[in-house]
Amino acid sequence: MKNLLGGKGANLAQMAKLGLPVPPGFTITTEVCAYFYQNNHRYPPDLKKEVKEAVAQIEEVKGAQFGNPENPLLFSVRSGARASMPGMMNTVLNLGLNDEITRKIAEKNPCFAWNSYWRFIFMFADVVMAAPEEELNEVLAGIKKERGLKLDLELSAEDWQETAERLKTKVKHLTGREIPQDPWEQLWEAIGAVFKSWNTPRAITYRKLNKIPDDWGTAVNVQSMVFGNFNQNSASGVGFTRNPASGEKKLYGEFLAQAQGEDVVAGIRTPQPIEKLKEIFPQRYQELLKISEILEQDYRDMQDIEFTIESGKLWMLQTRTGKRTAQAAVKIALDMVRGELITKVEALLRIPPESIESFFRPSFDHNSKKEILVKGLPASPGAAVGEVIFDPAEAGELVDKGHKVILVRTETSPDDIHGIAAAEGILTSRGGMTSHAALVSRGMGKPCIVGAEEMYVDYKNQQFSAQGKTIKKRETISLDGTRGEVYSGKLETIPAQVPQDLHEILNWADKERRLGVYANADTPKQAKQAREFGAEGIGLCRTEHMFFEESRIPAFRQMILARDAKERKEALEKIEPLQRDDFLEIFRVMEGLPVIIRLLDPPLHEFLPQKENDIEKFAQQAGLPKEIVAQKVEQLKELNPMLGHRGCRLGITYPEIYEMQVRAIITAACQIKKEGKNVKPEIMIPLTLGEKEFLILKTTTKKTIKEILEREKINLDYKIGTMIELPRAALQADEIAREAEFFSFGTNDLTQTALGISRDDAGRFLPQYLEQKIFQEDPFRTLDIEGVGELIKIGVERGRKTKKDLEVGICGEHGGDPQSIEFCHQVGLDYVSCSPFRVPVARLAAAQAALKQNEFNEAIRDS
Ligand code: PEP
Ligand code: MG
């Protein structure tokens with residue numbers, strides 16, 4: 001019932017149903033939240049009555065009364081959305097306390113009473129009355145300073161009373177209002193504040209990052225309090241039924257003695273590992289193990305739990321599916337299949353495709369010389385190198401300018417989410433493995449180290465120090481999230497190691513998917529990598545990328561700047577052997593698999609010398625007058641290079657360029673064939689706008705091929721096809737398909753031409769477009785299904801109307817994006833082609849797309 005009760009509410013109800021010890025409570029549904037927003041922040045008419053009845057029921061079970069000083073019932077009021085949003089929304093604990101009730105409790109347990117009251121005032125002021133948190137924090141900090149105390153536990157009952165009193169006064173001063181003394185007033189206000197917390201900027205950012213719809217709303221969980229801070233026989237803890245970093249099947253977590261749950265996750269004190277619980281509360285530890293088992297059997301997944309021990313009794317406060325690293329996701333899924341808890345299909349559907357890219361990422365070379373600056377807890381694995389930045393907003397700005405940064409904080413809070421999202425890695429001096437920084441980084445798949453306690457973070461001077469060394473803002477450090485070690489300077493990285501478990505999962509995926517997975521690879525090295533990752537062909541070899549190298553660019557420039565066909569031919573003669581050798585190597589690597597080579601498609605200006613010196617140098621090299629070169633550069637300058645004299649426009653105007661390329665491709669293929677190997681070249685014309693244009697180029701291409709094959713006396717299978725990158729080409733697909741043997745959607749260009757947005761400068765306004773929800777996603781990353789997707793559908797449909805079995809793929813960036821891959825599956829493409837590192841992601845995403853469609857089809861059949 002997650003949609004109605006929110007994740008937390010549904011799981012609490014389920015735990016109660018399983019007979020686990022859950023403090024009695026009730027949940028106000030997400031429908032009430034929707035009503036609240038639709039009706040100008042008013043509650044539905046029956047709500048008060050229903051809440052009163054629910055409270056009365058709890059009073060009966062607990063034998064205590066809300067607002068009764070003699071025997072008070074206290075509540076926690078917490079948010080709980082459908083999808084988990086850790087730390088994103090608001091909570092008020094110890095609700096129901098007021099001066100009178102606190103004084104009464106203090107007669108028996110003064111330290112607990114005043115500490116709890118201080119907490120309530122703090123949270124109520126923060127969450128409900130919107131008092132600034134830093135100001136509220138100052139009160140406790142001030143008392144500690146006056147008394148010369150460091151830890152909260154050192155404060156006496158009198159100290160806490162003083163803290164609570166001073167805080168109350170400060171709240172009045174800050175907000176102009178008293179903390180309400182009437183528990184019911186407290187309750188109504190807290191419920192409203194939780195609803196309102198759905199729309200705080202940090203909650204909105206989290207939703208955006210995690211693709212959670214804005215209209216889901218949150219439920220409110222009102223639950224009787226249990227106190228981990230009640231006495232020495234009490235504690236609060238959080239844990240996972242398996243290790244969320246490695247996936248190991250072992251209860252994992254941490255706890256704090258004599259503390260409330262918020263203290264554990266807030267990273268204010270560094271908690272103890274859960275094994276210690278075995279020594280302090282051995283029976284509760286055993287009970288927790290049993291409960292973990294029950295929960296895993298019931299939920300059939302790893303759980304993230306919160307618990308409290310009050311006076312020696314264990315209470316379960318939360319369970320939810322645990323967030324995990326990619327490594328843990330793979331191991332847990334596989335272990336659960338082996339343990340017959342889930343099926344292979346479920347395992348495949350459980351692993352987020354994007355997450356597995358990290359396996360293929362490099363890590364640090366630990367044999368290289370390095371200096372450990374500081375150690376902390378390895379909260380999220382991987383290697384990150386970047387400039388030290390302390391301010392999350394500044395991190396975002398620098399990353400926008402192309403820098404790589406490591407965000408360094410004492411601890412993080414949900415307000416820092418922008419900075420975390422921008423950073424390569426996160427380092428905090430405080431907090432445990434379940435602190436905010438740890439949870440969020442793991443979710444985002446970023447390296448993270450927390451609890452590096454020997455490090456002193458000095459925000460004021462924008463530096464941190466550890467072991468007598470000071471690192472200033474903008475200095476480079478390297479962060480190893482797998483080992484929990486921070487090194488000064490930039491460390492070299494080594495290629496990733498892929499666990500056998502992942503290969504097994506990817507093999508299952510290969511059996512389920514219908515889509516082929518090809519790679520975009522321009523060099524033999526990339527092709528080799530792609531093949532190792534499981535690519536079944538090359539979907540796009542961008543021939544212009546072969547000329548980015550320093551040693552090759554002069555010949556290429558000479559070709560572009562040639563004054564006539566003769567000069568161009570001379571330049572091409574220099575280039576041809578280079579191209580041929582590249583193709584030879586690529587064909588060898590990809591033996592037996594299709595290789596789609598795209599003829600030249602460069603924005604010409606990218607290859608031209610721009611600075612005066614360069615022009616002069618090049619003119620000398622080429623033996624041309626400087627003025628001529630400068631003039632030609634000027635002529636070729638384009639205002640919007642993405643729409644100019646590129647793609648097959650080049651082939652039409654300078655046919656000798658494409659002829660040279662075709663010669664290089666086919667000669668190389670013939671040689672491979674002579675070596676007794678299988679070769680499958682496919683020649684792809686870029687940026688075609690219609691049948692006529694394609695036919696001209698196809699005719700010359702075929703003529704060139706025929707000449708070579710006759711000369712070499714060889715029979716060769718080859719194909720000539722086109723990219724579909726323009727709306728006109730999609731609309732004309734039936735005509736183009738008469739001549740083309742295959743289509744490949746170039747969705748990078750199709751997106752810019754369909755939307756009228758240049759790939760080069762979209763970054764200037766895209767953020768606002770995303771913010772104002774004109775786009776849900778960056779259309780250059782995730783396919784714009786309504787617009788570009790529609791053109792693809794038309795292209796496929798019309799193309800196949802002419803040629804029933806026309807091979808159709810995609811080779812824009814979207815070919816590696818799981819959401820776009822699902823669309824490609826649905827519209828019947830034959831393959832997706834993406835960068836080598838994304839090939840495993842695409843294999844899994846393609847399997848998920850097929851499995852989801854099967855599920856959907858079955859559901860339709862059943863209904
Ligand atoms: C495309 O436009 O989608 C494509 C793959 O070609 P390029 O990115 O090289 O323009
Ligand atoms: Mg293109």
# chains A, B, ... in the order shown; residues from 1 in each chain; ligands from 1

call {"tool": "select_by_dssp", "arguments": {"residues": "region 716-832 of chain A", "states": "strand (DSSP E or B)", "output": "VMD selection string"}}
result
chain A and resid 719 to 724 742 to 745 807 to 810 831 to 832

call {"tool": "residues_near_ligand", "arguments": {"ligand": "ligand 1", "cutoff": "7 Å", "atoms": "only C-alpha atoms and all ligand atoms", "output": "ChimeraX atom specification"}}
result
/A:542,601,725,745-750,811-813

call {"tool": "write_last_selection", "arguments": {"atoms": "N, CA and C atoms", "output": "tab-separated table (two decimals), in the first residue's frame"}}
result
chain	number	residue	atom	x	y	z
A	542	ARG	N	33.36	6.98	-36.31
A	542	ARG	CA	33.38	8.36	-36.83
A	542	ARG	C	34.74	8.61	-37.47
A	601	ASP	N	32.15	13.43	-41.63
A	601	ASP	CA	31.09	14.34	-41.19
A	601	ASP	C	31.65	15.35	-40.20
A	725	GLU	N	19.20	11.71	-39.40
A	725	GLU	CA	19.56	12.73	-38.41
A	725	GLU	C	18.78	14.02	-38.59
A	745	PHE	N	19.68	5.84	-36.55
A	745	PHE	CA	19.24	7.15	-36.09
A	745	PHE	C	20.36	7.87	-35.34
A	746	GLY	N	20.76	8.99	-35.89
A	746	GLY	CA	21.75	9.84	-35.23
A	746	GLY	C	20.97	10.84	-34.38
A	747	THR	N	20.66	10.41	-33.18
A	747	THR	CA	19.73	11.21	-32.37
A	747	THR	C	20.37	12.44	-31.76
A	748	ASN	N	21.70	12.55	-31.84
A	748	ASN	CA	22.31	13.80	-31.38
A	748	ASN	C	21.88	14.92	-32.31
A	749	ASP	N	22.08	14.68	-33.61
A	749	ASP	CA	21.67	15.68	-34.58
A	749	ASP	C	20.16	15.75	-34.73
A	750	LEU	N	19.51	14.60	-34.64
A	750	LEU	CA	18.04	14.62	-34.80
A	750	LEU	C	17.41	15.44	-33.65
A	811	CYS	N	22.55	5.40	-33.01
A	811	CYS	CA	23.95	5.56	-32.61
A	811	CYS	C	24.22	6.90	-31.95
A	812	GLY	N	23.17	7.67	-31.66
A	812	GLY	CA	23.37	8.90	-30.88
A	812	GLY	C	23.65	8.53	-29.43
A	813	GLU	N	23.99	9.52	-28.61
A	813	GLU	CA	24.30	9.27	-27.19
A	813	GLU	C	23.20	8.50	-26.47

call {"tool": "residues_near_ligand", "arguments": {"ligand": "ligand 2", "cutoff": "12 Å", "atoms": "only C-alpha atoms and all ligand atoms", "output": "ChimeraX atom specification"}}
result
/A:540-542,544,598-603,641-643,646-648,684-688,722-726,744-753,758-759,810-813

call {"tool": "residues_around", "arguments": {"residues": "Gln635 (chain A)", "least_positions_apart": "2", "cutoff": "12 Å", "atoms": "only C-alpha atoms", "output": "ChimeraX atom specification"}}
result
/A:560-561,604-605,608,628-633,637-639,645

call {"tool": "select_by_dssp", "arguments": {"residues": "region 165-329 of chain A", "states": "alpha helix (DSSP H)", "output": "number ranges by chain"}}
result
A: 165-175, 183-197, 201-210, 261-266, 275-280, 282-299, 326-329

call {"tool": "residues_around", "arguments": {"residues": "region 63-74 of chain A", "least_positions_apart": "4", "cutoff": "10 Å", "atoms": "only C-alpha atoms", "output": "compact mmCIF listing (two decimals) with N, CA, C and O atoms, in the first residue's frame"}}
result
# COMPACT_ATOMS: atom_id res chain seq x y z
N VAL A 55 -5.75 8.36 17.98
CA VAL A 55 -4.98 8.66 19.19
C VAL A 55 -5.57 7.93 20.39
O VAL A 55 -4.85 7.34 21.20
N ALA A 56 -6.90 7.93 20.44
CA ALA A 56 -7.56 7.25 21.57
C ALA A 56 -7.21 5.77 21.59
O ALA A 56 -6.96 5.17 22.65
N GLN A 57 -7.15 5.19 20.39
CA GLN A 57 -6.82 3.75 20.30
C GLN A 57 -5.40 3.49 20.82
O GLN A 57 -5.15 2.53 21.53
N ILE A 58 -4.49 4.37 20.42
CA ILE A 58 -3.10 4.20 20.86
C ILE A 58 -3.01 4.38 22.37
O ILE A 58 -2.30 3.65 23.07
N GLU A 59 -3.76 5.35 22.88
CA GLU A 59 -3.76 5.59 24.33
C GLU A 59 -4.15 4.31 25.06
O GLU A 59 -3.58 3.96 26.09
N LEU A 93 10.14 15.00 16.73
CA LEU A 93 10.11 13.94 17.75
C LEU A 93 9.66 14.51 19.09
O LEU A 93 9.70 15.72 19.31
N ASN A 94 9.27 13.61 19.99
CA ASN A 94 8.91 13.95 21.37
C ASN A 94 7.74 14.92 21.42
O ASN A 94 7.62 15.72 22.35
N LEU A 95 6.89 14.86 20.41
CA LEU A 95 5.76 15.78 20.37
C LEU A 95 4.75 15.41 21.45
O LEU A 95 4.45 14.23 21.65
N GLY A 96 4.23 16.46 22.13
CA GLY A 96 3.34 16.22 23.26
C GLY A 96 3.97 16.71 24.55
O GLY A 96 3.31 16.79 25.58
N LEU A 97 5.27 17.03 24.48
CA LEU A 97 5.93 17.58 25.67
C LEU A 97 5.59 19.06 25.79
O LEU A 97 5.49 19.76 24.79
N ASN A 98 5.40 19.51 27.01
CA ASN A 98 5.33 20.95 27.27
C ASN A 98 5.97 21.20 28.63
O ASN A 98 6.52 20.26 29.23
N ASP A 99 5.92 22.43 29.11
CA ASP A 99 6.62 22.74 30.38
C ASP A 99 6.16 21.82 31.51
O ASP A 99 6.95 21.22 32.22
N GLU A 100 4.84 21.73 31.62
CA GLU A 100 4.27 21.00 32.74
C GLU A 100 4.62 19.51 32.69
O GLU A 100 5.09 18.92 33.66
N ILE A 101 4.42 18.93 31.50
CA ILE A 101 4.68 17.49 31.34
C ILE A 101 6.16 17.20 31.55
O ILE A 101 6.54 16.24 32.23
N THR A 102 7.01 18.06 31.02
CA THR A 102 8.45 17.84 31.17
C THR A 102 8.83 17.87 32.64
O THR A 102 9.57 17.01 33.13
N ARG A 103 8.30 18.85 33.34
CA ARG A 103 8.63 18.95 34.77
C ARG A 103 8.22 17.69 35.51
O ARG A 103 8.92 17.18 36.37
N LYS A 104 7.08 17.19 35.13
CA LYS A 104 6.56 15.98 35.79
C LYS A 104 7.49 14.78 35.52
O LYS A 104 7.84 14.04 36.43
N ILE A 105 7.89 14.63 34.25
CA ILE A 105 8.79 13.51 33.91
C ILE A 105 10.12 13.70 34.63
O ILE A 105 10.75 12.75 35.11
N GLN A 181 1.99 25.17 23.87
CA GLN A 181 1.98 24.28 25.04
C GLN A 181 0.90 23.21 24.91
O GLN A 181 0.93 22.20 25.61
N ASP A 182 -0.07 23.44 24.05
CA ASP A 182 -1.15 22.48 23.88
C ASP A 182 -0.72 21.37 22.92
O ASP A 182 -0.45 21.63 21.74
N PRO A 183 -0.63 20.11 23.40
CA PRO A 183 -0.16 19.01 22.55
C PRO A 183 -0.95 18.87 21.25
O PRO A 183 -0.38 18.56 20.21
N TRP A 184 -2.26 19.10 21.30
CA TRP A 184 -3.04 18.96 20.07
C TRP A 184 -2.67 20.02 19.05
O TRP A 184 -2.57 19.76 17.85
N VAL A 222 2.29 9.13 12.38
CA VAL A 222 2.25 9.57 13.78
C VAL A 222 2.39 8.30 14.62
O VAL A 222 1.58 7.38 14.50
N GLN A 223 3.46 8.26 15.37
CA GLN A 223 3.76 7.00 16.05
C GLN A 223 4.17 7.29 17.48
O GLN A 223 4.85 8.29 17.75
N SER A 224 3.76 6.39 18.39
CA SER A 224 4.14 6.63 19.79
C SER A 224 5.65 6.53 19.92
O SER A 224 6.28 5.70 19.27
N MET A 225 6.21 7.39 20.74
CA MET A 225 7.67 7.46 20.90
C MET A 225 8.19 6.28 21.71
O MET A 225 7.57 5.83 22.67
N VAL A 226 9.34 5.78 21.30
CA VAL A 226 10.14 4.94 22.20
C VAL A 226 11.49 5.66 22.30
O VAL A 226 11.89 6.36 21.37

call {"tool": "residues_around", "arguments": {"residues": "Asp298 (chain A)", "least_positions_apart": "6", "cutoff": "12 Å", "atoms": "only C-alpha atoms", "output": "list in words"}}
result
Asn11, Gln14, Met15, Lys17, Leu18, Ile291, Ser292, Thr319, Arg320, Thr321, Leu341 and Ile342 of chain A

call {"tool": "closest_residue", "arguments": {"among": "A:Glu485, A:Asp304, A:Glu146, A:Asp159", "to": "Asn243 (chain A)", "atoms": "only C-alpha atoms"}}
result
A:Asp304

call {"tool": "residues_around", "arguments": {"residues": "Glu659 (chain A)", "least_positions_apart": "3", "cutoff": "8 Å", "atoms": "only C-alpha atoms", "output": "JSON list (two decimals) with N, CA and C atoms, in the first residue's frame"}}
result
[["chain", "number", "residue", "atom", "x", "y", "z"],
["A", 655, "PRO", "N", 33.45, 15.08, -53.95],
["A", 655, "PRO", "CA", 33.25, 13.63, -54.04],
["A", 655, "PRO", "C", 34.54, 12.84, -53.82],
["A", 656, "GLU", "N", 35.68, 13.45, -54.13],
["A", 656, "GLU", "CA", 36.93, 12.70, -54.00],
["A", 656, "GLU", "C", 37.23, 12.30, -52.55],
["A", 662, "VAL", "N", 36.09, 5.40, -49.14],
["A", 662, "VAL", "CA", 35.52, 4.11, -49.56],
["A", 662, "VAL", "C", 36.65, 3.18, -50.02],
["A", 663, "ARG", "N", 37.58, 3.76, -50.77],
["A", 663, "ARG", "CA", 38.72, 2.96, -51.22],
["A", 663, "ARG", "C", 39.48, 2.37, -50.03],
["A", 700, "THR", "N", 28.25, 6.65, -56.64],
["A", 700, "THR", "CA", 29.72, 6.79, -56.72],
["A", 700, "THR", "C", 30.40, 5.78, -55.80],
["A", 701, "THR", "N", 29.82, 5.55, -54.65],
["A", 701, "THR", "CA", 30.41, 4.59, -53.71],
["A", 701, "THR", "C", 30.46, 3.21, -54.35],
["A", 704, "THR", "N", 33.13, 2.93, -57.01],
["A", 704, "THR", "CA", 34.48, 2.78, -56.42],
["A", 704, "THR", "C", 34.68, 1.35, -55.91]]

call {"tool": "residues_around", "arguments": {"residues": "Gln161 (chain A)", "least_positions_apart": "2", "cutoff": "9 Å", "atoms": "only C-alpha atoms", "output": "list in words"}}
result
Pro110, Cys111, Ala113, Trp114, Asn115, Tyr117, Trp118, Ser156, Ala157, Glu158, Asp159, Thr163, Ala164, Glu165 and Arg166 of chain A

call {"tool": "closest_residue", "arguments": {"among": "A:Arg269, A:Tyr43, A:Ala383, A:Phe120", "to": "Lys150 (chain A)", "atoms": "only C-alpha atoms"}}
result
A:Arg269

call {"tool": "closest_residue", "arguments": {"among": "A:Trp508, A:Gly809, A:Phe607, A:Pro244", "to": "Arg557 (chain A)", "atoms": "only C-alpha atoms"}}
result
A:Phe607

call {"tool": "closest_atom_pairs", "arguments": {"of": "region 529-572 of chain A", "to": "region 664-679 of chain A", "cutoff": "12 Å", "atoms": "only C-alpha atoms", "output": "CSV"}}
result
residue,atom,partner,partner_atom,distance
A:Gly537,CA,A:Val679,CA,11.1
A:Cys541,CA,A:Ile665,CA,11.5
A:Thr543,CA,A:Ile665,CA,10.6
A:Leu572,CA,A:Ala664,CA,10.7

call {"tool": "atom_distance", "arguments": {"atom1": "CA of Leu174 (chain A)", "atom2": "CA of Ala203 (chain A)"}}
result
24.3 Å

call {"tool": "closest_residue", "arguments": {"among": "A:Ala845, A:Ala393, A:Cys33, A:Ala730", "to": "Val796 (chain A)", "atoms": "only C-alpha atoms"}}
result
A:Ala730
